[in-house]
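Here is the file my_file-v6.txt (compact mmCIF, C-alpha atoms).
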```
# COMPACT_ATOMS: atom_id res chain seq x y z
CA MET Y 287 2.58 -10.87 -8.59
CA ARG Y 288 1.43 -14.48 -8.86
CA HIS Y 289 3.65 -15.44 -5.91
CA ALA Y 290 1.75 -12.97 -3.75
CA GLU Y 291 -1.69 -14.27 -4.75
CA ALA Y 292 -2.45 -15.84 -1.36
CA ASP Y 293 -1.23 -12.77 0.55
CA ILE Y 294 -3.36 -10.49 -1.62
CA ARG Y 295 -6.40 -12.71 -1.09
CA ASN Y 296 -5.75 -12.80 2.66
CA ALA Y 297 -5.63 -8.99 2.59
CA GLY Y 298 -9.18 -9.02 1.23
CA ALA Y 299 -8.58 -8.31 -2.43
CA GLN Y 300 -8.42 -10.02 -5.75
CA VAL Y 301 -6.28 -9.19 -8.75
CA VAL Y 302 -7.45 -8.42 -12.25
CA LEU Y 303 -4.82 -7.70 -14.89
CA VAL Y 304 -5.37 -5.35 -17.82
CA GLY Y 305 -3.33 -5.74 -20.98
CA MET Y 306 -3.35 -4.11 -24.40
CA GLY Y 307 -3.65 -7.34 -26.33
CA THR Y 308 -6.46 -8.84 -28.34
CA VAL Y 309 -8.36 -11.85 -26.97
CA SER Y 310 -5.98 -14.17 -28.82
CA GLN Y 311 -2.83 -12.39 -27.60
CA THR Y 312 -4.14 -12.23 -24.06
CA ARG Y 313 -5.10 -15.91 -24.07
CA ASP Y 314 -1.57 -16.79 -25.23
CA PHE Y 315 -0.06 -14.59 -22.52
CA VAL Y 316 -2.22 -16.18 -19.80
CA ALA Y 317 -1.26 -19.69 -20.94
CA ARG Y 318 2.42 -18.94 -21.47
CA PHE Y 319 2.96 -17.34 -18.08
CA GLU Y 320 0.37 -19.44 -16.24
CA VAL Y 321 -1.39 -16.27 -15.09
CA PRO Y 322 -3.71 -17.20 -12.20
CA PHE Y 323 -5.76 -13.99 -12.39
CA PRO Y 324 -8.59 -12.84 -14.66
CA MET Y 325 -7.13 -10.72 -17.45
CA VAL Y 326 -8.86 -7.95 -19.39
CA CYS Y 327 -8.17 -7.48 -23.11
CA ASP Y 328 -8.02 -3.77 -23.86
CA PRO Y 329 -6.41 -3.35 -27.29
CA ASP Y 330 -7.97 0.09 -27.77
CA GLN Y 331 -6.82 1.18 -24.29
CA HIS Y 332 -10.28 2.40 -23.29
CA LEU Y 333 -9.77 1.27 -19.71
CA TYR Y 334 -6.31 2.85 -19.54
CA ARG Y 335 -7.82 6.18 -20.57
CA ASP Y 336 -10.89 5.83 -18.34
CA PHE Y 337 -8.60 5.32 -15.33
CA SER Y 338 -6.19 8.05 -16.53
CA ILE Y 339 -3.21 5.71 -16.75
CA GLU Y 340 -0.54 7.95 -18.26
CA ARG Y 341 1.50 7.55 -21.41
CA MET Y 342 5.18 8.42 -21.41
CA SER Y 343 6.32 11.55 -23.24
CA PRO Y 344 8.23 10.93 -26.49
CA LEU Y 345 11.38 12.29 -24.87
CA GLY Y 346 10.98 9.89 -21.94
CA PHE Y 347 12.79 7.13 -23.85
CA PHE Y 348 15.97 9.17 -23.90
CA SER Y 349 16.09 10.11 -20.25
CA PRO Y 350 19.10 9.05 -18.12
CA THR Y 351 16.69 7.21 -15.79
CA MET Y 352 15.44 5.03 -18.63
CA ALA Y 353 19.01 4.28 -19.76
CA LEU Y 354 20.03 3.26 -16.24
CA ARG Y 355 16.97 1.06 -15.80
CA GLY Y 356 17.71 -0.63 -19.12
CA ILE Y 357 21.31 -1.32 -18.12
CA ALA Y 358 20.17 -2.65 -14.74
CA ALA Y 359 17.63 -4.95 -16.40
CA MET Y 360 20.23 -6.33 -18.80
CA ALA Y 361 22.63 -6.89 -15.89
CA GLN Y 362 19.92 -9.05 -14.30
CA GLY Y 363 19.74 -11.16 -17.43
CA HIS Y 364 16.66 -9.61 -18.99
CA THR Y 365 16.70 -9.02 -22.69
CA MET Y 366 14.78 -6.56 -24.74
CA GLY Y 367 12.13 -7.94 -27.07
CA LEU Y 368 10.82 -6.13 -30.09
CA PRO Y 369 8.52 -3.30 -29.10
CA GLU Y 370 4.87 -4.11 -29.67
CA GLY Y 371 1.69 -2.15 -29.16
CA ASP Y 372 1.72 1.29 -27.61
CA VAL Y 373 5.31 1.51 -26.35
CA ARG Y 374 4.57 4.81 -24.61
CA GLN Y 375 1.82 3.37 -22.42
CA LEU Y 376 2.88 3.31 -18.78
CA PRO Y 377 1.76 0.68 -16.28
CA GLY Y 378 -0.23 1.49 -13.17
CA VAL Y 379 -2.20 0.05 -10.27
CA VAL Y 380 -5.60 1.05 -8.91
CA ILE Y 381 -7.29 -0.35 -5.80
CA ILE Y 382 -11.09 -0.20 -5.95
CA ASP Y 383 -13.12 -0.52 -2.77
CA ARG Y 384 -16.30 -2.53 -2.29
CA ASP Y 385 -18.41 0.55 -3.07
CA GLY Y 386 -16.57 1.29 -6.32
CA SER Y 387 -14.53 4.17 -4.92
CA ILE Y 388 -10.82 4.48 -5.67
CA LEU Y 389 -8.72 3.91 -2.55
CA PHE Y 390 -5.25 3.99 -4.04
CA ARG Y 391 -3.39 4.63 -7.27
CA TYR Y 392 0.18 3.90 -8.20
CA GLU Y 393 1.25 6.09 -11.08
CA SER Y 394 4.38 4.78 -12.75
CA ASN Y 395 7.01 7.28 -13.85
CA ASP Y 396 8.50 5.02 -16.50
CA PRO Y 397 7.80 1.57 -18.02
CA ALA Y 398 9.96 -0.23 -15.44
CA ASP Y 399 8.46 1.55 -12.45
CA HIS Y 400 6.23 -1.02 -10.67
CA PRO Y 401 5.21 -1.30 -7.05
CA SER Y 402 6.35 -4.62 -5.63
CA PRO Y 403 3.66 -7.13 -4.60
CA GLU Y 404 4.87 -6.71 -1.01
CA VAL Y 405 4.16 -2.97 -1.16
CA LEU Y 406 0.68 -3.62 -2.53
CA VAL Y 407 -0.09 -6.23 0.15
CA GLU Y 408 1.12 -3.80 2.81
CA ARG Y 409 -1.12 -1.09 1.35
CA LEU Y 410 -4.12 -3.45 1.34
CA GLU Y 411 -3.45 -4.43 4.95
CA THR Y 412 -3.17 -0.76 5.95
CA LEU Y 413 -6.47 0.00 4.21
CA SER Y 414 -8.13 -2.94 5.99
CA ALA Y 415 -6.78 -1.75 9.35
CA GLN Y 416 -8.09 1.76 8.69
CA THR Y 417 -11.51 0.37 7.81
CA ALA Y 418 -11.54 -1.73 10.99
CA ASP Y 419 -10.74 1.39 13.06
CA HIS Y 420 -13.83 3.18 11.78
CA MET F 169 -4.76 11.59 -7.07
CA LYS F 170 -6.17 11.43 -10.59
CA VAL F 171 -9.85 10.66 -10.78
CA PRO F 172 -11.19 8.05 -13.23
CA LYS F 173 -14.01 8.87 -15.58
CA PRO F 174 -17.48 8.42 -14.09
CA GLY F 175 -18.51 4.81 -14.47
CA ALA F 176 -14.98 3.52 -15.01
CA PRO F 177 -14.98 1.29 -11.88
CA ASP F 178 -17.98 -0.56 -13.32
CA ALA F 179 -16.84 -0.64 -16.93
CA LEU F 180 -17.86 -3.56 -19.12
CA VAL F 181 -14.67 -5.39 -20.03
CA LYS F 182 -13.71 -8.33 -22.20
CA LEU F 183 -11.71 -11.12 -20.60
CA ALA F 184 -9.16 -13.48 -22.10
CA ASP F 185 -11.80 -16.19 -22.51
CA GLY F 186 -13.85 -13.80 -24.67
CA SER F 187 -16.56 -13.26 -22.06
CA HIS F 188 -17.76 -9.82 -21.00
CA ARG F 189 -17.94 -8.81 -17.35
CA HIS F 190 -18.58 -5.64 -15.39
CA LEU F 191 -15.66 -4.68 -13.15
CA SER F 192 -18.08 -4.41 -10.23
CA GLU F 193 -18.35 -8.20 -10.29
CA PHE F 194 -14.78 -8.25 -9.04
CA TRP F 195 -15.05 -5.66 -6.25
CA GLN F 196 -18.49 -6.37 -4.82
CA ASP F 197 -17.18 -9.04 -2.46
CA GLY F 198 -13.80 -7.52 -1.72
CA ARG F 199 -11.33 -4.96 -2.92
CA LEU F 200 -10.03 -5.10 -6.44
CA LEU F 201 -6.38 -4.69 -7.32
CA LEU F 202 -6.54 -3.58 -10.94
CA VAL F 203 -3.09 -3.92 -12.47
CA PHE F 204 -2.48 -2.16 -15.77
CA LEU F 205 0.35 -3.78 -17.70
CA ARG F 206 2.43 -2.22 -20.42
CA HIS F 207 2.35 -5.49 -22.33
CA LEU F 208 0.08 -6.51 -25.13
CA GLY F 209 -0.83 -9.42 -22.95
```
What would the structure in this file look like if it were written as structure tokens?
Amino acid sequence: MRHAEADIRNAGAQVVLVGMGTVSQTRDFVARFEVPFPMVCDPDQHLYRDFSIERMSPLGFFSPTMALRGIAAMAQGHTMGLPEGDVRQLPGVVIIDRDGSILFRYESNDPADHPSPEVLVERLETLSAQTADH
Amino acid sequence: MKVPKPGAPDALVKLADGSHRHLSEFWQDGRLLLVFLRHLG
């Protein structure tokens, strides 16, 4: 996401990340990964619930899709860390317009299901073009 | 498309530096890409 920062800004948006960590955990995360965006600490997941970001079903961990994604991740050199926090919480993306309305949502089907930054930039550019047409 | 709770787009949030901000501060001058992670952060 950080590599697409300029493209996202050029598309008329800014990024805010939301994580489930405390202030201390979030500060460590921001420093460790040199996160260039503001990051919200939401350890009680209020914001996740307010935006209806789904949690995975308990059986979701045992689905063939999850197994295949895990194998694919390991093949790419990723390792699994110890689970922390709410392991059933799914990620998601919401685009909020200048008037506070929701323009777009990406609802992840599993923990590894993310839209690529390129897809998000394309979506932002499409939204800007639609606005310009009106 | 799921609808957020009323007021959610202007929720008061706590940032990594410990400060509190309303989300509207981030979308008043442009669109906001709010990315929910599955990490603790």
- Note on the structure: The distance between atom CA of Met342 of chain Y and atom CA of Arg409 of chain Y is 25.5 Å
- Note on the structure: Counting all atoms listed in the file, the residue among Y:Asn296, Y:Asp372, Y:Gly305, Y:Val316 that lies closest to Leu202 of chain F is Y:Gly305
- Using all atoms listed in the file, which residue out of Y:Leu410, Y:Ala292, Y:Met306, Y:Ala358 lies closest to Val373 of chain Y? Y:Met306
- Message: Within 7 Å of chain Y, which residues belong to chain F? Use all atoms listed in the file and report them as a PyMOL selection string.
- Response: chain F and resi 170+172-173+176-177+181-186+195-209
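Near Leu180 of chain F, within a cut-off of 7 Å and counting all atoms listed in the file, sit the residues F:His188, F:Arg189, F:His190, F:Leu191, with same-chain residues fewer than 3 positions away left out.
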- Item | Coordinates-based distance that separates atom CA of Glu291 of chain Y from atom CA of Phe323 of chain Y (Å, one decimal) | 8.7 Å
- Using only C-alpha atoms, which residue out of Y:Asp293, Y:Glu340, Y:Arg288, Y:Leu345 lies closest to Glu408 of chain Y? Y:Asp293
